[in-house]
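Participant: Structure in structure tokens, see below.
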Amino acid sequence: TAPAIRAVSLPNGGIVPALGLGTWYLGEQRARRATEFAALRTGIESGLTLIDTAEMYGHGAAEELVGEVIAGRRDSVYLVSKVMPDNATRRGTVEACQASLRRLGTDHLDLYLLHWRGRVPLADTVAAFEELVQAGLIRGWGVSNFDAPDLDELASVPGGARVQTDQVLYNLARRGPEYDLLPRCREAGLPLMAYSPVDHGRLLEDPAVSDMAAAKGVTAAQLALAWVLRVPEVFAIVKASTPARVAENRAALEISFSAAELEQLDQMFPPPSSKVPLEML
Ligand code: NDP
């Protein structure tokens with residue numbers, strides 16, 4: 001059996017594996033469905049029990065695939081979905097959540113995120129999230145694509161302190177959060193959920209990354225993932241469409257770096273020396 005997976009604790013006591021499964025673009029093509037289903041099942045069975053989805057992905061198609069994957073094993077996964085900003089009103093958030101639950105075939109989410117900031121006042125979305133917690137439809141809520149000033153504003157809203165995570169773009173090629181967002185989250189005890197940890201596939205095309213991975217005896221995907229996972233307060237979600245790739249990504253949890261290797265990566269991808277506005281995909 002594979003070694004145990006590092007776990008990350010959320011403020012509300014929830015515990016998630018440091019690496020989870022992304023679902024953007026999954027469930028959209030019939031011809032690929034069986035392989036994608038097998039990829040997600042492989043992940044869950046190997047301990048990658050954190051699943052990230054959203055009502056936006058494939059207009060519900062990703063949630064429907066996840067629903068099939070977790071049928072009969074709901075209790076062994078930590079399920080995260082997201083509400084789109086335009087739906088994130090007091091009433092719209094509750095309705096969007098109920099629709100997600102129907103597609104996912106479950107009675108609760110472990111975590112429900114605001115996908116990105118829109119025009120709806122944060123206070124309304126937070127009030128709706130708190131109502132969903134009270135009703136037992138979600139165990140906790142969080143945000144996504146929030147930069148440090150957005151988190152400050154959230155903290156000033158009634159109930160805003162009950163945020164569980166901020167899901168943001170963070171990888172070797174997008175190190176901006178290291179300047180202020182990551183330190184801020186660390187101080188607040190808020191773990192950061194890194195999305196697109198292999199930069200939506202782009203890092204896998206970088207010859208310098210491939211060369212260094214080969215020298216280390218790992219794959220480019222494993223190198224990029226292990227680098228994101230080097231930070232204790234960070235957990236990540238990676239999307240892969242085949243069981244073999246999921247297994248490869250799972251093995252990244254066993255990879256560590258020497259100080260010299262980290263220095264080499266800093267040369268290739270310099271850390272931020274001043275504020276970089278949060279990027280998003
Ligand atoms: P990732 O960084 O996870 O990269 C996914 C791409 O990398 C896919 O093309 C995949 O290929 C490829 N890949 C993954 N592992 C391997 C491997 N071992 N070998 C070769 N290729 C590999 O990008 P995502 O943008 O998908 O981010 C991950 C998840 O984060 C999303 O799926 C979604 O759940 C979430 N997300 C959230 C956002 C937000 O705004 N909150 C924005 C973006 C993402 P293939 O699929 O063909 O196997």
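We label chains A, B, ... in the order they appear in the structure tokens, count residues from 1 in each chain, and number ligands from 1 in the order shown.
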Counting only C-alpha atoms and all ligand atoms, what are the residues, protein, DNA or RNA alike, that approach ligand 1 to within 6 Å? I want them as a VMD selection string.

Facilitator: chain A and resid 22 to 24 52 to 53 115 144 167 195 to 201 221 237 to 242 245 248 to 249 281

Participant: Write out the residues from the selection above, keeping C-alpha atoms, as a compact mmCIF listing (two decimals), in the first residue's frame.

Facilitator:
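Written file, out_20.txt:
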# COMPACT_ATOMS: atom_id res chain seq x y z
CA GLY A 22 -9.78 18.70 -10.05
CA THR A 23 -12.68 18.28 -12.47
CA TRP A 24 -12.62 21.26 -14.86
CA ASP A 52 -13.06 19.86 -6.41
CA THR A 53 -15.90 20.69 -8.78
CA HIS A 115 -15.98 30.92 -7.39
CA SER A 144 -11.82 31.50 -4.50
CA GLN A 167 -8.71 28.66 -3.58
CA TYR A 195 -5.56 25.36 -8.23
CA SER A 196 -3.89 24.62 -11.58
CA PRO A 197 -0.73 23.37 -9.80
CA VAL A 198 0.82 22.36 -13.14
CA ASP A 199 -0.41 25.66 -14.63
CA HIS A 200 -3.22 24.01 -16.59
CA GLY A 201 -0.64 21.77 -18.29
CA ALA A 221 4.03 16.87 -13.40
CA ILE A 237 -6.03 20.07 -6.65
CA VAL A 238 -4.74 18.70 -9.93
CA LYS A 239 -6.82 17.51 -12.83
CA ALA A 240 -5.86 14.42 -14.82
CA SER A 241 -8.07 12.42 -17.15
CA THR A 242 -6.55 8.94 -16.97
CA ARG A 245 -1.77 10.12 -14.71
CA GLU A 248 1.65 9.42 -11.24
CA ASN A 249 0.37 12.56 -9.53
CA LEU A 281 -7.49 31.40 -14.99

Participant: Can you tell me, as a list of chain:residue names, what residues are no more than 12 Å from Glu36 (chain A) when counting only C-alpha atoms, ignoring any on the same chain fewer than 5 positions away?

Facilitator: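 Answer for this query is A:Leu21, A:Gly22, A:Thr23, A:Trp24, A:Tyr25, A:Leu26, A:Gly27, A:Glu28, A:Gln29, A:Arg30, A:Ala31, A:Arg41, A:Thr42, A:Gly43, A:Ala62, A:Leu65, A:Val66, A:Glu68, A:Val69, A:Lys239, A:Ala240, A:Ser241, A:Thr242, A:Pro243, A:Ala244, A:Arg245, A:Val246.
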
Participant: Would you save the residues from that selection as a CSV table (one decimal), in the first residue's frame, using C-alpha atoms?

Facilitator:
chain,number,residue,atom,x,y,z
A,21,LEU,CA,-8.7,15.9,-7.7
A,22,GLY,CA,-9.8,18.7,-10.1
A,23,THR,CA,-12.7,18.3,-12.5
A,24,TRP,CA,-12.6,21.3,-14.9
A,25,TYR,CA,-13.4,19.9,-18.4
A,26,LEU,CA,-14.3,16.4,-17.1
A,27,GLY,CA,-17.6,14.8,-17.9
A,28,GLU,CA,-18.1,16.8,-21.1
A,29,GLN,CA,-17.4,14.1,-23.7
A,30,ARG,CA,-19.2,10.8,-23.8
A,31,ALA,CA,-16.3,9.0,-25.5
A,41,ARG,CA,-12.1,6.3,-8.9
A,42,THR,CA,-8.3,5.5,-9.0
A,43,GLY,CA,-7.7,8.8,-7.2
A,62,ALA,CA,-18.6,17.7,-14.1
A,65,LEU,CA,-19.8,12.7,-13.4
A,66,VAL,CA,-18.6,13.2,-9.8
A,68,GLU,CA,-21.6,8.8,-10.5
A,69,VAL,CA,-18.1,8.4,-9.2
A,239,LYS,CA,-6.8,17.5,-12.8
A,240,ALA,CA,-5.9,14.4,-14.8
A,241,SER,CA,-8.1,12.4,-17.1
A,242,THR,CA,-6.6,8.9,-17.0
A,243,PRO,CA,-5.9,6.5,-14.1
A,244,ALA,CA,-2.2,6.4,-15.0
A,245,ARG,CA,-1.8,10.1,-14.7
A,246,VAL,CA,-3.7,10.2,-11.4

Participant: Near Asp211 (chain A), counting only C-alpha atoms, which residues have an atom at most 9 Å away, once you skip same-chain residues fewer than 5 positions from it, shown as JSON, numbers by chain?

Facilitator: {"A": [206, 216, 220]}

Participant: Take the selection from the previous step and output its residues with N, CA and C atoms, as a compact mmCIF listing (two decimals), in the first residue's frame.

Facilitator:
# COMPACT_ATOMS: atom_id res chain seq x y z
N ASP A 206 7.41 22.97 -20.47
CA ASP A 206 8.61 23.80 -20.24
C ASP A 206 9.85 22.90 -20.23
N LYS A 216 16.18 14.42 -11.75
CA LYS A 216 15.75 13.99 -10.42
C LYS A 216 15.07 12.62 -10.46
N ALA A 220 7.72 15.68 -15.03
CA ALA A 220 7.52 17.13 -14.92
C ALA A 220 6.30 17.42 -14.04

Participant: Could you pull out all residues of region 180-274 of chain A with a DSSP call of strand (DSSP E or B) and give them as a list of chain:residue names?

Facilitator: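 Strand (DSSP E or B) members of region 180-274 of chain A, listed: A:Leu192, A:Met193, A:Ala194, A:Tyr195, A:Val234, A:Phe235, A:Ala236, A:Ile237, A:Val238.
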
Participant: So that I can check the surroundings of region 125-134 of chain A, please list as a ChimeraX atom specification every protein, DNA and RNA residue that reaches within 8 Å of it, counting only C-alpha atoms and ignoring chain neighbours fewer than 4 positions away.

Facilitator: /A:88-91,93-94,112,114,120-121,138-141,157-160

Participant: Please save C-alpha atoms of the selected residues as a PDB file, in the first residue's frame.

Facilitator:
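Once everything was written out, this is out-v2.pdb:
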ATOM      1  CA  ALA A  88     -24.336  34.231  -5.273  1.00  0.00           C
ATOM      2  CA  THR A  89     -27.228  36.294  -3.912  1.00  0.00           C
ATOM      3  CA  ARG A  90     -28.910  35.445  -0.607  1.00  0.00           C
ATOM      4  CA  ARG A  91     -31.532  33.311  -2.346  1.00  0.00           C
ATOM      5  CA  THR A  93     -26.785  30.764  -3.485  1.00  0.00           C
ATOM      6  CA  VAL A  94     -29.229  28.450  -1.716  1.00  0.00           C
ATOM      7  CA  TYR A 112     -18.891  25.427  -0.786  1.00  0.00           C
ATOM      8  CA  LEU A 114     -17.685  31.538  -4.017  1.00  0.00           C
ATOM      9  CA  VAL A 120     -23.284  40.720  -5.188  1.00  0.00           C
ATOM     10  CA  PRO A 121     -22.315  42.208  -1.805  1.00  0.00           C
ATOM     11  CA  ILE A 138     -22.883  22.386   3.613  1.00  0.00           C
ATOM     12  CA  ARG A 139     -20.318  21.717   6.353  1.00  0.00           C
ATOM     13  CA  GLY A 140     -18.389  24.911   5.676  1.00  0.00           C
ATOM     14  CA  TRP A 141     -17.735  27.590   3.096  1.00  0.00           C
ATOM     15  CA  VAL A 157     -18.542  41.171   6.995  1.00  0.00           C
ATOM     16  CA  PRO A 158     -20.749  39.501   9.672  1.00  0.00           C
ATOM     17  CA  GLY A 159     -19.760  35.816   9.802  1.00  0.00           C
ATOM     18  CA  GLY A 160     -16.882  36.452   7.383  1.00  0.00           C
TER      19      GLY A 160
END

Participant: To one decimal place in Å, what is the distance between CA of Pro272 (chain A) and CA of Tyr179 (chain A)?

Facilitator: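 We find that CA of Pro272 (chain A) and CA of Tyr179 (chain A) lie 5.9 Å from each other.
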
Participant: Would you please work out which residue, of A:Pro232, A:Gly60, A:Gly92, A:Gly14, is nearest to Asp110 (chain A) when using only C-alpha atoms?

Facilitator: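 Selected residue with least distance to Asp110 (chain A): A:Gly14.
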
Participant: Name the residues in contact with Gly189 (chain A) at a cut-off of 10 Å, using only C-alpha atoms, excluding same-chain residues fewer than 6 positions from it; report them as a PyMOL selection string.

Facilitator: chain A and resi 9-11+164-165+183+233

Participant: Counting only C-alpha atoms, which of A:Ala173, A:Gly58, A:Val218, A:Phe146 gets nearest to Leu203 (chain A)?

Facilitator: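 Counting only C-alpha atoms, the residue closest to Leu203 (chain A) is A:Ala173.
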
Participant: If I take CA of Leu101 (chain A) and CA of Glu45 (chain A), how far is one from the other in Å, to one decimal?

Facilitator: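 Computed distance, CA of Leu101 (chain A) to CA of Glu45 (chain A), equals 22.5 Å.
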
Participant: I'd like to know which of A:Leu154, A:Ala214, A:Ile70, A:Ala54 is closest to Pro85 (chain A), using only C-alpha atoms.

Facilitator: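 Ranked by minimum distance to Pro85 (chain A), first place goes to A:Ala54.
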
Participant: Calculate how many Å separate CA of Val276 (chain A) from CA of Gly176 (chain A), rounding to one decimal.

Facilitator: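 Between CA of Val276 (chain A) and CA of Gly176 (chain A) the gap works out to 5.1 Å.
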
Participant: Would you please work out which residue, of A:Val77, A:Ala96, A:Leu113, A:Ala18, is nearest to Leu229 (chain A) when using only C-alpha atoms?

Facilitator: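 For Leu229 (chain A), the nearest of the given residues is A:Ala18.
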
Participant: Would you please give, as an MDAnalysis selection string, all residues of region 5-248 of chain A that DSSP assigns to alpha helix (DSSP H) based on the backbone?

Facilitator: chainID A and resid 33:45 61:70 90:104 122:134 148:155 181:188 207:216 220:228 243:248

Participant: Those same residues, written as an mmCIF file, in the first residue's frame with C-alpha atoms?

Facilitator:
data_model
loop_
_atom_site.group_PDB
_atom_site.id
_atom_site.type_symbol
_atom_site.label_atom_id
_atom_site.label_comp_id
_atom_site.auth_asym_id
_atom_site.auth_seq_id
_atom_site.Cartn_x
_atom_site.Cartn_y
_atom_site.Cartn_z
ATOM 1 C CA ARG A 33 -16.430 9.326 -19.775
ATOM 2 C CA ALA A 34 -15.404 5.801 -18.788
ATOM 3 C CA THR A 35 -11.721 6.737 -18.630
ATOM 4 C CA GLU A 36 -12.450 9.887 -16.633
ATOM 5 C CA PHE A 37 -14.666 7.902 -14.266
ATOM 6 C CA ALA A 38 -11.834 5.407 -13.775
ATOM 7 C CA ALA A 39 -9.340 8.240 -13.232
ATOM 8 C CA LEU A 40 -11.404 9.737 -10.397
ATOM 9 C CA ARG A 41 -12.069 6.310 -8.854
ATOM 10 C CA THR A 42 -8.341 5.516 -8.979
ATOM 11 C CA GLY A 43 -7.666 8.777 -7.199
ATOM 12 C CA ILE A 44 -10.187 8.151 -4.415
ATOM 13 C CA GLU A 45 -8.969 4.587 -3.918
ATOM 14 C CA ALA A 61 -21.610 17.975 -16.437
ATOM 15 C CA ALA A 62 -18.583 17.727 -14.131
ATOM 16 C CA GLU A 63 -20.819 17.558 -11.042
ATOM 17 C CA GLU A 64 -22.890 14.817 -12.692
ATOM 18 C CA LEU A 65 -19.779 12.739 -13.395
ATOM 19 C CA VAL A 66 -18.602 13.242 -9.808
ATOM 20 C CA GLY A 67 -22.061 12.143 -8.637
ATOM 21 C CA GLU A 68 -21.615 8.845 -10.480
ATOM 22 C CA VAL A 69 -18.077 8.417 -9.160
ATOM 23 C CA ILE A 70 -18.997 8.936 -5.500
ATOM 24 C CA ARG A 90 -28.910 35.445 -0.607
ATOM 25 C CA ARG A 91 -31.532 33.311 -2.346
ATOM 26 C CA GLY A 92 -29.591 32.360 -5.498
ATOM 27 C CA THR A 93 -26.785 30.764 -3.485
ATOM 28 C CA VAL A 94 -29.229 28.450 -1.716
ATOM 29 C CA GLU A 95 -30.878 27.476 -5.005
ATOM 30 C CA ALA A 96 -27.529 26.931 -6.736
ATOM 31 C CA CYS A 97 -26.397 24.722 -3.861
ATOM 32 C CA GLN A 98 -29.556 22.631 -4.038
ATOM 33 C CA ALA A 99 -29.037 22.177 -7.787
ATOM 34 C CA SER A 100 -25.409 21.127 -7.240
ATOM 35 C CA LEU A 101 -26.494 18.627 -4.581
ATOM 36 C CA ARG A 102 -29.026 17.136 -7.001
ATOM 37 C CA ARG A 103 -26.388 16.700 -9.723
ATOM 38 C CA LEU A 104 -23.924 15.263 -7.214
ATOM 39 C CA LEU A 122 -20.126 39.777 0.145
ATOM 40 C CA ALA A 123 -22.460 40.099 3.146
ATOM 41 C CA ASP A 124 -25.333 38.556 1.147
ATOM 42 C CA THR A 125 -23.263 35.582 -0.030
ATOM 43 C CA VAL A 126 -21.891 34.969 3.467
ATOM 44 C CA ALA A 127 -25.405 35.149 4.959
ATOM 45 C CA ALA A 128 -26.538 32.536 2.422
ATOM 46 C CA PHE A 129 -23.523 30.324 3.175
ATOM 47 C CA GLU A 130 -24.271 30.528 6.904
ATOM 48 C CA GLU A 131 -27.906 29.622 6.232
ATOM 49 C CA LEU A 132 -26.719 26.569 4.273
ATOM 50 C CA VAL A 133 -24.465 25.544 7.169
ATOM 51 C CA GLN A 134 -27.388 25.877 9.625
ATOM 52 C CA ALA A 148 -5.355 39.824 0.251
ATOM 53 C CA PRO A 149 -7.510 43.004 0.167
ATOM 54 C CA ASP A 150 -10.583 40.872 -0.665
ATOM 55 C CA LEU A 151 -9.888 38.723 2.396
ATOM 56 C CA ASP A 152 -9.617 41.884 4.501
ATOM 57 C CA GLU A 153 -13.009 42.986 3.250
ATOM 58 C CA LEU A 154 -14.455 39.533 3.898
ATOM 59 C CA ALA A 155 -13.200 39.667 7.490
ATOM 60 C CA LEU A 181 -1.451 36.283 0.391
ATOM 61 C CA LEU A 182 0.311 33.202 1.709
ATOM 62 C CA PRO A 183 1.828 35.000 4.741
ATOM 63 C CA ARG A 184 -1.567 36.537 5.476
ATOM 64 C CA CYS A 185 -3.317 33.159 5.328
ATOM 65 C CA ARG A 186 -0.602 31.560 7.454
ATOM 66 C CA GLU A 187 -1.094 34.215 10.128
ATOM 67 C CA ALA A 188 -4.877 33.745 10.061
ATOM 68 C CA PRO A 207 11.940 22.194 -21.292
ATOM 69 C CA ALA A 208 13.721 23.483 -18.166
ATOM 70 C CA VAL A 209 11.125 21.785 -15.944
ATOM 71 C CA SER A 210 11.369 18.555 -17.931
ATOM 72 C CA ASP A 211 15.178 18.597 -17.774
ATOM 73 C CA MET A 212 15.253 19.095 -14.038
ATOM 74 C CA ALA A 213 12.563 16.442 -13.521
ATOM 75 C CA ALA A 214 14.532 13.953 -15.611
ATOM 76 C CA ALA A 215 17.697 14.681 -13.608
ATOM 77 C CA LYS A 216 15.749 13.991 -10.419
ATOM 78 C CA ALA A 220 7.520 17.131 -14.919
ATOM 79 C CA ALA A 221 4.028 16.875 -13.404
ATOM 80 C CA GLN A 222 5.435 15.307 -10.238
ATOM 81 C CA LEU A 223 8.108 17.995 -9.942
ATOM 82 C CA ALA A 224 5.581 20.832 -10.294
ATOM 83 C CA LEU A 225 3.142 19.218 -7.862
ATOM 84 C CA ALA A 226 5.755 18.391 -5.238
ATOM 85 C CA TRP A 227 6.970 21.976 -5.394
ATOM 86 C CA VAL A 228 3.504 23.390 -4.617
ATOM 87 C CA PRO A 243 -5.888 6.481 -14.127
ATOM 88 C CA ALA A 244 -2.168 6.353 -15.018
ATOM 89 C CA ARG A 245 -1.768 10.120 -14.713
ATOM 90 C CA VAL A 246 -3.670 10.185 -11.440
ATOM 91 C CA ALA A 247 -1.381 7.477 -10.040
ATOM 92 C CA GLU A 248 1.652 9.422 -11.244
#

Participant: Need to verify the contact set: Glu254 (chain A), 10 Å, only C-alpha atoms, exclusion of same-chain residues closer than 6 positions in sequence. Can you return it as an NGL selection string?

Facilitator: :A and (2-6 or 222 or 226)
